[in-house]
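Engineer: Below is the file upload-v4.txt, with compact mmCIF, N, CA and C atoms.
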# COMPACT_ATOMS: atom_id res chain seq x y z
N MET X 750 12.28 14.46 0.80
CA MET X 750 12.27 13.27 -0.01
C MET X 750 12.47 13.68 -1.47
N ARG X 751 13.41 13.05 -2.11
CA ARG X 751 13.69 13.32 -3.52
C ARG X 751 12.88 12.35 -4.36
N VAL X 752 11.96 12.87 -5.15
CA VAL X 752 11.05 12.05 -5.94
C VAL X 752 11.38 12.21 -7.41
N GLU X 753 11.50 11.09 -8.10
CA GLU X 753 11.72 11.13 -9.55
C GLU X 753 10.35 11.05 -10.22
N ILE X 754 10.04 12.06 -11.03
CA ILE X 754 8.73 12.14 -11.67
C ILE X 754 8.93 12.16 -13.18
N THR X 755 8.24 11.25 -13.85
CA THR X 755 8.34 11.13 -15.30
C THR X 755 6.96 11.38 -15.91
N GLY X 756 6.92 12.13 -16.99
CA GLY X 756 5.66 12.39 -17.68
C GLY X 756 5.64 11.75 -19.05
N LYS X 757 4.57 11.05 -19.35
CA LYS X 757 4.39 10.45 -20.68
C LYS X 757 3.16 11.10 -21.31
N ASN X 758 3.35 11.74 -22.42
CA ASN X 758 2.29 12.46 -23.13
C ASN X 758 1.73 13.62 -22.32
N ILE X 759 2.48 14.08 -21.33
CA ILE X 759 2.04 15.20 -20.51
C ILE X 759 3.28 15.92 -19.97
N GLU X 760 3.19 17.23 -19.89
CA GLU X 760 4.28 18.02 -19.32
C GLU X 760 4.05 18.13 -17.81
N ILE X 761 5.07 17.86 -17.03
CA ILE X 761 4.98 17.93 -15.58
C ILE X 761 5.23 19.38 -15.16
N THR X 762 4.17 20.04 -14.74
CA THR X 762 4.28 21.43 -14.30
C THR X 762 4.69 21.47 -12.83
N ASP X 763 5.01 22.65 -12.35
CA ASP X 763 5.37 22.81 -10.94
C ASP X 763 4.22 22.44 -10.02
N ALA X 764 3.00 22.76 -10.43
CA ALA X 764 1.83 22.44 -9.60
C ALA X 764 1.66 20.92 -9.46
N ILE X 765 1.83 20.20 -10.56
CA ILE X 765 1.72 18.74 -10.52
C ILE X 765 2.84 18.16 -9.66
N ARG X 766 4.07 18.65 -9.88
CA ARG X 766 5.22 18.17 -9.12
C ARG X 766 5.02 18.42 -7.62
N ASN X 767 4.58 19.61 -7.26
CA ASN X 767 4.37 19.94 -5.84
C ASN X 767 3.27 19.08 -5.21
N HIS X 768 2.22 18.80 -5.97
CA HIS X 768 1.13 17.97 -5.45
C HIS X 768 1.62 16.54 -5.19
N ILE X 769 2.37 15.98 -6.12
CA ILE X 769 2.90 14.62 -5.95
C ILE X 769 3.83 14.56 -4.76
N ILE X 770 4.74 15.51 -4.66
CA ILE X 770 5.70 15.52 -3.55
C ILE X 770 4.99 15.68 -2.21
N SER X 771 3.99 16.56 -2.15
CA SER X 771 3.28 16.75 -0.88
C SER X 771 2.54 15.49 -0.46
N ARG X 772 1.99 14.75 -1.41
CA ARG X 772 1.29 13.50 -1.08
C ARG X 772 2.28 12.43 -0.61
N LEU X 773 3.40 12.32 -1.28
CA LEU X 773 4.38 11.30 -0.90
C LEU X 773 5.07 11.63 0.42
N GLU X 774 5.20 12.90 0.75
CA GLU X 774 5.79 13.28 2.03
C GLU X 774 4.90 12.85 3.20
N LYS X 775 3.60 12.75 2.96
CA LYS X 775 2.69 12.31 4.01
C LYS X 775 2.91 10.83 4.36
N LEU X 776 3.55 10.08 3.48
CA LEU X 776 3.84 8.67 3.75
C LEU X 776 4.97 8.51 4.77
N GLU X 777 5.73 9.57 4.99
CA GLU X 777 6.84 9.50 5.94
C GLU X 777 6.38 9.42 7.39
N LYS X 778 5.10 9.68 7.65
CA LYS X 778 4.60 9.61 9.02
C LYS X 778 4.64 8.18 9.56
N TRP X 779 4.74 7.18 8.69
CA TRP X 779 4.79 5.78 9.12
C TRP X 779 6.17 5.41 9.65
N GLN X 780 7.13 6.28 9.51
CA GLN X 780 8.49 6.09 10.01
C GLN X 780 9.13 4.80 9.48
N ILE X 781 8.95 4.57 8.21
CA ILE X 781 9.61 3.48 7.50
C ILE X 781 10.53 4.13 6.48
N ALA X 782 11.73 3.60 6.36
CA ALA X 782 12.70 4.18 5.44
C ALA X 782 12.26 3.92 4.00
N LEU X 783 11.69 4.92 3.38
CA LEU X 783 11.25 4.82 1.99
C LEU X 783 12.34 5.40 1.09
N THR X 784 12.73 4.63 0.09
CA THR X 784 13.81 5.08 -0.79
C THR X 784 13.39 4.96 -2.25
N HIS X 785 14.03 5.70 -3.07
CA HIS X 785 13.88 5.68 -4.53
C HIS X 785 12.43 5.80 -5.00
N PRO X 786 11.69 6.81 -4.56
CA PRO X 786 10.33 6.95 -5.07
C PRO X 786 10.35 7.39 -6.54
N HIS X 787 9.56 6.72 -7.35
CA HIS X 787 9.47 7.04 -8.76
C HIS X 787 8.00 7.06 -9.16
N VAL X 788 7.56 8.15 -9.77
CA VAL X 788 6.17 8.30 -10.18
C VAL X 788 6.15 8.57 -11.68
N VAL X 789 5.30 7.83 -12.39
CA VAL X 789 5.10 8.04 -13.81
C VAL X 789 3.68 8.55 -14.01
N VAL X 790 3.58 9.73 -14.61
CA VAL X 790 2.28 10.34 -14.90
C VAL X 790 2.08 10.25 -16.41
N SER X 791 0.99 9.64 -16.82
CA SER X 791 0.74 9.54 -18.26
C SER X 791 -0.70 9.91 -18.56
N GLU X 792 -0.89 10.51 -19.73
CA GLU X 792 -2.23 10.85 -20.19
C GLU X 792 -2.64 9.80 -21.20
N GLN X 793 -3.75 9.12 -20.88
CA GLN X 793 -4.27 8.05 -21.72
C GLN X 793 -5.23 8.63 -22.74
N PRO X 794 -5.50 7.89 -23.81
CA PRO X 794 -6.52 8.35 -24.77
C PRO X 794 -7.87 8.48 -24.07
N GLY X 795 -8.62 9.47 -24.43
CA GLY X 795 -9.92 9.71 -23.81
C GLY X 795 -9.81 10.60 -22.59
N LYS X 796 -8.72 11.35 -22.49
CA LYS X 796 -8.51 12.32 -21.40
C LYS X 796 -8.51 11.67 -20.01
N LYS X 797 -7.95 10.47 -19.89
CA LYS X 797 -7.76 9.85 -18.59
C LYS X 797 -6.30 9.96 -18.21
N PHE X 798 -6.07 10.12 -16.92
CA PHE X 798 -4.71 10.20 -16.41
C PHE X 798 -4.40 8.95 -15.62
N LYS X 799 -3.19 8.45 -15.80
CA LYS X 799 -2.77 7.24 -15.10
C LYS X 799 -1.51 7.57 -14.30
N ILE X 800 -1.52 7.13 -13.04
CA ILE X 800 -0.39 7.34 -12.16
C ILE X 800 0.17 5.96 -11.78
N ASP X 801 1.45 5.76 -12.02
CA ASP X 801 2.16 4.55 -11.59
C ASP X 801 3.24 4.99 -10.62
N ALA X 802 3.19 4.47 -9.39
CA ALA X 802 4.16 4.87 -8.37
C ALA X 802 4.86 3.63 -7.82
N GLU X 803 6.16 3.76 -7.64
CA GLU X 803 6.98 2.70 -7.04
C GLU X 803 7.85 3.32 -5.96
N ILE X 804 7.89 2.64 -4.80
CA ILE X 804 8.76 3.08 -3.71
C ILE X 804 9.40 1.83 -3.10
N SER X 805 10.68 1.90 -2.84
CA SER X 805 11.36 0.80 -2.18
C SER X 805 11.34 1.02 -0.68
N ALA X 806 11.12 -0.07 0.05
CA ALA X 806 11.14 -0.04 1.50
C ALA X 806 11.95 -1.25 1.96
N PRO X 807 12.41 -1.27 3.20
CA PRO X 807 13.18 -2.42 3.66
C PRO X 807 12.37 -3.71 3.55
N GLY X 808 12.83 -4.61 2.72
CA GLY X 808 12.18 -5.90 2.57
C GLY X 808 10.99 -5.91 1.65
N ALA X 809 10.70 -4.82 0.96
CA ALA X 809 9.52 -4.79 0.09
C ALA X 809 9.66 -3.71 -0.98
N LYS X 810 8.91 -3.90 -2.03
CA LYS X 810 8.81 -2.89 -3.07
C LYS X 810 7.32 -2.57 -3.20
N LEU X 811 6.97 -1.33 -2.96
CA LEU X 811 5.58 -0.90 -2.97
C LEU X 811 5.25 -0.35 -4.34
N VAL X 812 4.16 -0.85 -4.92
CA VAL X 812 3.75 -0.43 -6.26
C VAL X 812 2.27 -0.09 -6.22
N ALA X 813 1.91 1.05 -6.78
CA ALA X 813 0.50 1.45 -6.84
C ALA X 813 0.22 2.09 -8.20
N SER X 814 -0.99 1.86 -8.65
CA SER X 814 -1.41 2.43 -9.92
C SER X 814 -2.84 2.95 -9.76
N ALA X 815 -3.12 4.09 -10.36
CA ALA X 815 -4.46 4.66 -10.29
C ALA X 815 -4.76 5.36 -11.60
N GLU X 816 -6.03 5.32 -11.98
CA GLU X 816 -6.46 5.94 -13.23
C GLU X 816 -7.75 6.71 -12.97
N ASN X 817 -7.80 7.94 -13.46
CA ASN X 817 -8.98 8.77 -13.25
C ASN X 817 -8.99 9.88 -14.30
N GLU X 818 -10.15 10.46 -14.50
CA GLU X 818 -10.26 11.58 -15.44
C GLU X 818 -9.65 12.85 -14.87
N ASP X 819 -9.58 12.95 -13.54
CA ASP X 819 -8.97 14.10 -12.87
C ASP X 819 -7.57 13.70 -12.41
N LEU X 820 -6.58 14.45 -12.81
CA LEU X 820 -5.19 14.13 -12.50
C LEU X 820 -4.94 14.11 -11.00
N TYR X 821 -5.44 15.09 -10.28
CA TYR X 821 -5.18 15.20 -8.85
C TYR X 821 -5.88 14.08 -8.06
N THR X 822 -7.04 13.66 -8.52
CA THR X 822 -7.73 12.54 -7.89
C THR X 822 -6.94 11.26 -8.11
N ALA X 823 -6.38 11.08 -9.28
CA ALA X 823 -5.56 9.89 -9.56
C ALA X 823 -4.31 9.87 -8.67
N ILE X 824 -3.71 11.02 -8.45
CA ILE X 824 -2.54 11.11 -7.56
C ILE X 824 -2.94 10.73 -6.14
N ASN X 825 -4.07 11.23 -5.68
CA ASN X 825 -4.53 10.93 -4.33
C ASN X 825 -4.86 9.44 -4.17
N GLU X 826 -5.47 8.83 -5.19
CA GLU X 826 -5.79 7.41 -5.13
C GLU X 826 -4.52 6.56 -5.06
N ALA X 827 -3.52 6.91 -5.83
CA ALA X 827 -2.25 6.16 -5.80
C ALA X 827 -1.59 6.30 -4.43
N LYS X 828 -1.66 7.49 -3.85
CA LYS X 828 -1.10 7.71 -2.51
C LYS X 828 -1.83 6.85 -1.48
N GLN X 829 -3.15 6.75 -1.58
CA GLN X 829 -3.92 5.93 -0.64
C GLN X 829 -3.55 4.46 -0.77
N LYS X 830 -3.33 3.98 -1.98
CA LYS X 830 -2.94 2.59 -2.18
C LYS X 830 -1.56 2.33 -1.59
N LEU X 831 -0.65 3.27 -1.76
CA LEU X 831 0.68 3.12 -1.16
C LEU X 831 0.59 3.13 0.36
N GLU X 832 -0.28 3.99 0.89
CA GLU X 832 -0.43 4.09 2.34
C GLU X 832 -0.97 2.78 2.93
N LYS X 833 -1.89 2.14 2.25
CA LYS X 833 -2.40 0.85 2.71
C LYS X 833 -1.29 -0.20 2.75
N GLN X 834 -0.44 -0.19 1.73
CA GLN X 834 0.66 -1.15 1.68
C GLN X 834 1.67 -0.89 2.79
N ILE X 835 1.95 0.38 3.05
CA ILE X 835 2.89 0.73 4.12
C ILE X 835 2.31 0.35 5.47
N ASN X 836 1.02 0.58 5.66
CA ASN X 836 0.36 0.21 6.90
C ASN X 836 0.45 -1.30 7.12
N LYS X 837 0.19 -2.05 6.09
CA LYS X 837 0.28 -3.51 6.18
C LYS X 837 1.71 -3.95 6.49
N LEU X 838 2.67 -3.32 5.84
CA LEU X 838 4.08 -3.66 6.05
C LEU X 838 4.52 -3.32 7.47
N SER X 839 4.07 -2.19 7.99
CA SER X 839 4.51 -1.78 9.33
C SER X 839 3.86 -2.62 10.42
N HIS X 840 2.70 -3.18 10.18
CA HIS X 840 2.02 -3.99 11.19
C HIS X 840 2.15 -5.49 10.93
N LYS X 841 3.00 -5.87 10.01
CA LYS X 841 3.13 -7.27 9.63
C LYS X 841 3.60 -8.14 10.79
N ALA X 842 4.58 -7.69 11.53
CA ALA X 842 5.11 -8.48 12.64
C ALA X 842 4.07 -8.64 13.75
N GLU X 843 3.32 -7.60 14.03
CA GLU X 843 2.29 -7.67 15.07
C GLU X 843 1.19 -8.64 14.66
N ALA X 844 0.77 -8.59 13.43
CA ALA X 844 -0.31 -9.46 12.96
C ALA X 844 0.13 -10.91 12.99
N ARG X 845 1.36 -11.15 12.69
CA ARG X 845 1.86 -12.52 12.68
C ARG X 845 1.88 -13.09 14.09
N ARG X 846 2.33 -12.32 15.06
CA ARG X 846 2.35 -12.79 16.44
C ARG X 846 0.94 -13.02 16.96
N ALA X 847 0.04 -12.16 16.63
CA ALA X 847 -1.33 -12.26 17.14
C ALA X 847 -2.04 -13.49 16.56
N SER X 848 -1.75 -13.84 15.33
CA SER X 848 -2.44 -14.97 14.71
C SER X 848 -2.04 -16.29 15.36
N HIS X 849 -0.83 -16.38 15.88
CA HIS X 849 -0.39 -17.63 16.52
C HIS X 849 -0.82 -17.70 17.98
N ALA X 850 -1.16 -16.61 18.58
CA ALA X 850 -1.50 -16.60 20.01
C ALA X 850 -2.88 -17.19 20.27
N ASP X 851 -3.78 -17.18 19.31
CA ASP X 851 -5.15 -17.62 19.54
C ASP X 851 -5.39 -19.09 19.21
N ILE X 852 -4.37 -19.84 18.88
CA ILE X 852 -4.55 -21.25 18.55
C ILE X 852 -4.69 -22.05 19.84
N PRO X 853 -5.80 -22.76 20.00
CA PRO X 853 -6.00 -23.51 21.25
C PRO X 853 -5.10 -24.74 21.30
N ASP X 854 -4.76 -25.13 22.51
CA ASP X 854 -3.95 -26.32 22.73
C ASP X 854 -4.88 -27.52 22.80
N LEU X 855 -4.89 -28.35 21.76
CA LEU X 855 -5.81 -29.46 21.68
C LEU X 855 -5.32 -30.72 22.40
N ASP X 856 -4.09 -30.72 22.90
CA ASP X 856 -3.56 -31.88 23.59
C ASP X 856 -4.25 -32.11 24.94
N ASN X 857 -4.70 -31.06 25.58
CA ASN X 857 -5.30 -31.18 26.91
C ASN X 857 -6.82 -31.12 26.88
N VAL X 858 -7.44 -31.31 25.72
CA VAL X 858 -8.89 -31.26 25.61
C VAL X 858 -9.46 -32.63 25.92
N GLU X 859 -10.47 -32.63 26.75
CA GLU X 859 -11.11 -33.88 27.14
C GLU X 859 -12.36 -34.06 26.29
N ILE X 860 -12.49 -35.21 25.66
CA ILE X 860 -13.64 -35.50 24.81
C ILE X 860 -14.67 -36.23 25.67
N THR X 861 -15.85 -35.65 25.77
CA THR X 861 -16.90 -36.24 26.60
C THR X 861 -17.72 -37.23 25.78
N GLU X 862 -18.55 -38.00 26.46
CA GLU X 862 -19.41 -38.96 25.79
C GLU X 862 -20.39 -38.25 24.85
N GLU X 863 -20.87 -37.08 25.25
CA GLU X 863 -21.82 -36.32 24.45
C GLU X 863 -21.20 -35.91 23.12
N ILE X 864 -19.93 -35.49 23.14
CA ILE X 864 -19.24 -35.09 21.91
C ILE X 864 -18.99 -36.32 21.04
N LYS X 865 -18.64 -37.47 21.65
CA LYS X 865 -18.40 -38.69 20.90
C LYS X 865 -19.67 -39.13 20.15
N GLU X 866 -20.85 -38.96 20.79
CA GLU X 866 -22.10 -39.33 20.14
C GLU X 866 -22.39 -38.42 18.96
N LYS X 867 -22.08 -37.14 19.08
CA LYS X 867 -22.31 -36.19 18.00
C LYS X 867 -21.40 -36.46 16.82
N ILE X 868 -20.20 -36.91 17.10
CA ILE X 868 -19.23 -37.18 16.03
C ILE X 868 -19.64 -38.43 15.27
N SER X 869 -20.13 -39.41 15.96
CA SER X 869 -20.46 -40.71 15.34
C SER X 869 -21.65 -40.65 14.46
As C-alpha cells, please, write out the structure in this file.

Structural biologist:
Amino acid sequence: MRVEITGKNIEITDAIRNHIISRLEKLEKWQIALTHPHVVVSEQPGKKFKIDAEISAPGAKLVASAENEDLYTAINEAKQKLEKQINKLSHKAEARRASHADIPDLDNVEITEEIKEKIS
C-alpha cells in the first residue's frame, strides 16, 4: 500500500513512516479496496501530536483523527477509528437485511377482547 504522509511542524522519520504504514497495512485484512491513503502528522502546541487520516473506499470516504501526547499512541488510535469504520462499511449490507427480517406482520394479528379493554 502506497501511503502519502505529510508532516506539519514535525519531520517524518523512517521510524514514524514505518509505524504508520504497518498500522494501515493491517486494515487490508478486511478485503476492501482501500485507495489513496493520506496521513497528516502535526505537532500541536503543548507537545501534543495530532493524526488526521483519510482513505477512500468504494462508496465511502473514511476519515479519522486522533490526538495524544504520545505520537505512536495517536497513530494507533487513528488506526482503530478507521478499522471501526471499515468494519461498519463491510457489514452494512448484512445489517440492513437483518433489520428488515424481524419486523412482524401485523396484518394477520388477531385483537382479543382483553387487548381491546387495555387499549380503551

Engineer: Could you pull out the strand (DSSP E) residues of chain X from DSSP and send them as an NGL selection string?

Structural biologist: :X and (753-757 or 784-793 or 797-806 or 809-817)

Engineer: Nearest to Ala782 of chain X: which of X:Met750, X:Ala806, X:Leu811, X:Leu820 is it, counting all atoms listed in the file?

Structural biologist: X:Ala806

Engineer: For segment 758-770 of chain X, list every protein, DNA or RNA residue within 6.5 Å, evaluated using all atoms listed in the file, and leave out those in the same chain fewer than 5 positions away; present the list as a PDB file with N, CA and C atoms, keeping the file's coordinate frame.

Structural biologist:
ATOM      1  N   LYS X 775       3.600  12.750   2.960  1.00  0.00           N
ATOM      2  CA  LYS X 775       2.690  12.310   4.010  1.00  0.00           C
ATOM      3  C   LYS X 775       2.910  10.830   4.360  1.00  0.00           C
ATOM      4  N   VAL X 790       3.580   9.730 -14.610  1.00  0.00           N
ATOM      5  CA  VAL X 790       2.280  10.340 -14.900  1.00  0.00           C
ATOM      6  C   VAL X 790       2.080  10.250 -16.410  1.00  0.00           C
ATOM      7  N   SER X 791       0.990   9.640 -16.820  1.00  0.00           N
ATOM      8  CA  SER X 791       0.740   9.540 -18.260  1.00  0.00           C
ATOM      9  C   SER X 791      -0.700   9.910 -18.560  1.00  0.00           C
ATOM     10  N   GLU X 792      -0.890  10.510 -19.730  1.00  0.00           N
ATOM     11  CA  GLU X 792      -2.230  10.850 -20.190  1.00  0.00           C
ATOM     12  C   GLU X 792      -2.640   9.800 -21.200  1.00  0.00           C
TER      13      GLU X 792
END

Engineer: Residues at most 7 Å from segment 817-819 of chain X, counting only N, CA and C atoms, excluding those fewer than 2 positions away in the same chain, as an MDAnalysis selection string?

Structural biologist: chainID X and resid 796:800 815 821:824

Engineer: Up to 12 Å from (7.7, -3.2, 11.5) in the file's coordinates: name the residues, counting only C-alpha atoms, as an NGL selection string.

Structural biologist: :X and (779-782 or 806-809 or 835-845)

Engineer: Report, in Å with one decimal, the straight-line distance from atom CA of Pro794 of chain X to atom CA of Lys830 of chain X.

Structural biologist: 23.6 Å

Engineer: So the first atom is atom N of Glu816 of chain X and the second is atom CA of Ile754 of chain X; what is the distance between them in Å, to one decimal place?

Structural biologist: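 So the two atoms, atom N of Glu816 of chain X and atom CA of Ile754 of chain X, lie 16.3 Å apart.
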
Engineer: For the atom pair atom N of Lys757 of chain X and atom N of Gln834 of chain X, what is the interatomic distance in Å to one decimal place?

Structural biologist: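 Separating atom N of Lys757 of chain X from atom N of Gln834 of chain X is a distance of 24.4 Å.
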
Engineer: Just list the residues in chain X DSSP gives helix (DSSP H, G or I) on the backbone, as a ChimeraX atom specification.

Structural biologist: /X:763-779,820-839,841-850,855-857,862-868

Engineer: Would you place a box with edges along x, y and z of the file around all atoms of segment 820-824 of chain X listed there, add 5 Å to each of its six sides, and report the centre and edge lengths in Å to one decimal, as JSON?

Structural biologist:
{"center_x": -5.1, "center_y": 12.5, "center_z": -9.5, "size_x": 15.2, "size_y": 15.3, "size_z": 16.7}
